[in-house]
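Notes follow once the structure below has been shown.
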Amino acid sequence: MLSTEDQAYFKALLIGQLEELQRMADGTVSELRQFSAQCADPIDRSALDADRSFTLRIRDRESRLIRKIKAALRRIEDGEFGECEMCGEDINLARLRARPVTTFCIRCKTKLESREKIVSGF
Ligand SMILES: [Zn+2]
């Protein structure tokens, strides 16, 4: 279980990241709109499409991260933040600082990753 200070620290950290991401996501949307308005020329269409799918891929990753951050903030409220979802043990603080949205301790994460590697190897 995290101390109150640690919880406050991670809450501020996560909220900061969330705000940053949302600002970036807003920027992407207005950029996309600007881009569509500029490129009415059919020759530029394919470049535009490639660019747009790239942008959408980034947006997709952004929105997934936003969901993870929101879930982490919810876990702070519920007092579950910093606990491993698999084994229930405390996640190492250094690991949490490096990656506050993580829900697995390093041991379980390593286990999961090696299983993923085996599965994707087939
Ligand atoms: Zn674990």
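Chains: A, B, ... in order of the structure tokens. Residues: from 1 per chain. Ligands: from 1, in order shown.
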Could you list, as JSON, numbers by chain, all the residues within 9 Å of ligand 1, counting only C-alpha atoms and all ligand atoms? {"A": [83, 84, 85, 86, 87, 88, 89, 90, 91, 103, 104, 105, 106, 107, 108, 109]}
Could you save the residues just selected, with C-alpha atoms, as a compact mmCIF listing (two decimals), in the first residue's frame?
```
# COMPACT_ATOMS: atom_id res chain seq x y z
CA GLU A 83 -0.88 -3.29 -6.39
CA CYS A 84 -0.17 -5.95 -8.96
CA GLU A 85 -3.34 -7.10 -10.72
CA MET A 86 -2.08 -10.64 -10.92
CA CYS A 87 -0.42 -11.46 -7.62
CA GLY A 88 -1.69 -8.57 -5.45
CA GLU A 89 1.80 -7.65 -4.28
CA ASP A 90 3.07 -4.07 -4.15
CA ILE A 91 4.62 -2.88 -7.37
CA THR A 103 -0.82 -2.70 -13.30
CA PHE A 104 1.64 -5.57 -12.98
CA CYS A 105 4.71 -6.04 -10.85
CA ILE A 106 7.91 -6.71 -12.73
CA ARG A 107 7.76 -10.45 -11.98
CA CYS A 108 4.27 -10.90 -13.41
CA LYS A 109 5.01 -8.60 -16.33
```
Residues of chain A classed as helix (DSSP H, G or I) by DSSP on the backbone are to be reported as a short mmCIF file (atom, residue, chain, number, x, y, z; two decimals) with C-alpha atoms, in the first residue's frame.
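Contents of part.cif, as written:
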```cif
data_model
loop_
_atom_site.label_atom_id
_atom_site.label_comp_id
_atom_site.auth_asym_id
_atom_site.auth_seq_id
_atom_site.Cartn_x
_atom_site.Cartn_y
_atom_site.Cartn_z
CA THR A 4 -0.52 9.26 1.28
CA GLU A 5 2.40 11.31 -0.05
CA ASP A 6 3.12 8.74 -2.75
CA GLN A 7 -0.52 8.63 -3.72
CA ALA A 8 -0.61 12.42 -4.03
CA TYR A 9 2.58 12.31 -6.07
CA PHE A 10 1.23 9.78 -8.54
CA LYS A 11 -2.13 11.49 -8.75
CA ALA A 12 -0.46 14.80 -9.70
CA LEU A 13 1.83 12.99 -12.13
CA LEU A 14 -1.03 11.17 -13.84
CA ILE A 15 -3.25 14.24 -14.02
CA GLY A 16 -0.36 16.17 -15.59
CA GLN A 17 0.14 13.44 -18.20
CA LEU A 18 -3.58 13.29 -18.88
CA GLU A 19 -3.80 17.04 -19.47
CA GLU A 20 -0.77 16.93 -21.74
CA LEU A 21 -2.26 14.09 -23.79
CA GLN A 22 -5.62 15.77 -24.08
CA ARG A 23 -3.96 18.95 -25.26
CA MET A 24 -2.06 16.96 -27.85
CA ALA A 25 -5.19 15.11 -28.95
CA ASP A 26 -7.02 18.41 -29.44
CA GLY A 27 -4.10 19.63 -31.52
CA THR A 28 -4.25 16.54 -33.72
CA VAL A 29 -7.92 17.05 -34.47
CA SER A 30 -7.54 20.68 -35.53
CA GLU A 31 -4.46 19.77 -37.57
CA LEU A 32 -6.44 17.10 -39.39
CA ARG A 33 -9.19 19.57 -40.16
CA GLN A 34 -6.76 22.16 -41.44
CA PHE A 35 -5.06 19.57 -43.57
CA SER A 36 -8.28 18.37 -45.21
CA ALA A 37 -9.24 21.94 -46.04
CA GLN A 38 -5.86 22.67 -47.63
CA PRO A 42 -6.30 15.05 -55.93
CA ILE A 43 -2.54 14.65 -56.46
CA ASP A 44 -1.99 15.37 -52.80
CA ARG A 45 -4.75 12.99 -51.83
CA SER A 46 -2.55 9.91 -51.33
CA ALA A 47 -0.01 11.83 -49.28
CA LEU A 48 -2.87 13.20 -47.28
CA ASP A 49 -4.33 9.74 -46.73
CA ALA A 50 -1.00 8.32 -45.63
CA ASP A 51 -0.55 11.22 -43.29
CA ARG A 52 -4.03 10.89 -41.94
CA SER A 53 -3.71 7.19 -41.18
CA PHE A 54 -0.43 7.93 -39.43
CA THR A 55 -2.12 10.64 -37.39
CA LEU A 56 -5.04 8.39 -36.59
CA ARG A 57 -2.67 5.66 -35.44
CA ILE A 58 -1.04 8.11 -33.07
CA ARG A 59 -4.44 9.29 -31.88
CA ASP A 60 -5.42 5.68 -31.28
CA ARG A 61 -2.35 5.16 -29.14
CA GLU A 62 -3.03 8.44 -27.34
CA SER A 63 -6.60 7.51 -26.53
CA ARG A 64 -5.50 4.11 -25.25
CA LEU A 65 -2.98 5.78 -22.98
CA ILE A 66 -5.63 8.26 -21.82
CA ARG A 67 -7.85 5.31 -20.85
CA LYS A 68 -4.95 3.71 -18.96
CA ILE A 69 -4.21 6.93 -17.09
CA LYS A 70 -7.87 7.35 -16.17
CA ALA A 71 -7.94 3.77 -14.91
CA ALA A 72 -4.81 4.42 -12.85
CA LEU A 73 -6.43 7.52 -11.33
CA ARG A 74 -9.47 5.43 -10.48
CA ARG A 75 -7.22 2.89 -8.79
CA ILE A 76 -5.73 5.68 -6.68
CA GLU A 77 -9.25 6.65 -5.58
CA ASP A 78 -10.06 3.03 -4.79
CA LEU A 93 8.06 2.27 -6.52
CA ALA A 94 10.85 2.88 -9.04
CA ARG A 95 8.86 0.91 -11.59
CA LEU A 96 5.73 2.91 -10.82
CA ARG A 97 7.61 6.17 -11.19
CA ALA A 98 8.93 5.11 -14.59
CA ILE A 106 7.91 -6.71 -12.73
CA ARG A 107 7.76 -10.45 -11.98
CA CYS A 108 4.27 -10.90 -13.41
CA LYS A 109 5.01 -8.60 -16.33
CA THR A 110 8.07 -10.66 -17.23
CA LYS A 111 6.01 -13.82 -16.95
CA LEU A 112 3.31 -12.37 -19.20
CA GLU A 113 5.80 -11.16 -21.75
CA SER A 114 7.57 -14.48 -22.05
CA ARG A 115 4.19 -16.16 -22.51
CA GLU A 116 3.31 -13.64 -25.22
CA LYS A 117 6.59 -14.37 -26.94
CA ILE A 118 5.92 -18.09 -26.90
CA VAL A 119 2.37 -17.64 -28.18
CA SER A 120 3.34 -15.22 -30.94
CA GLY A 121 6.16 -17.55 -31.95
#
```
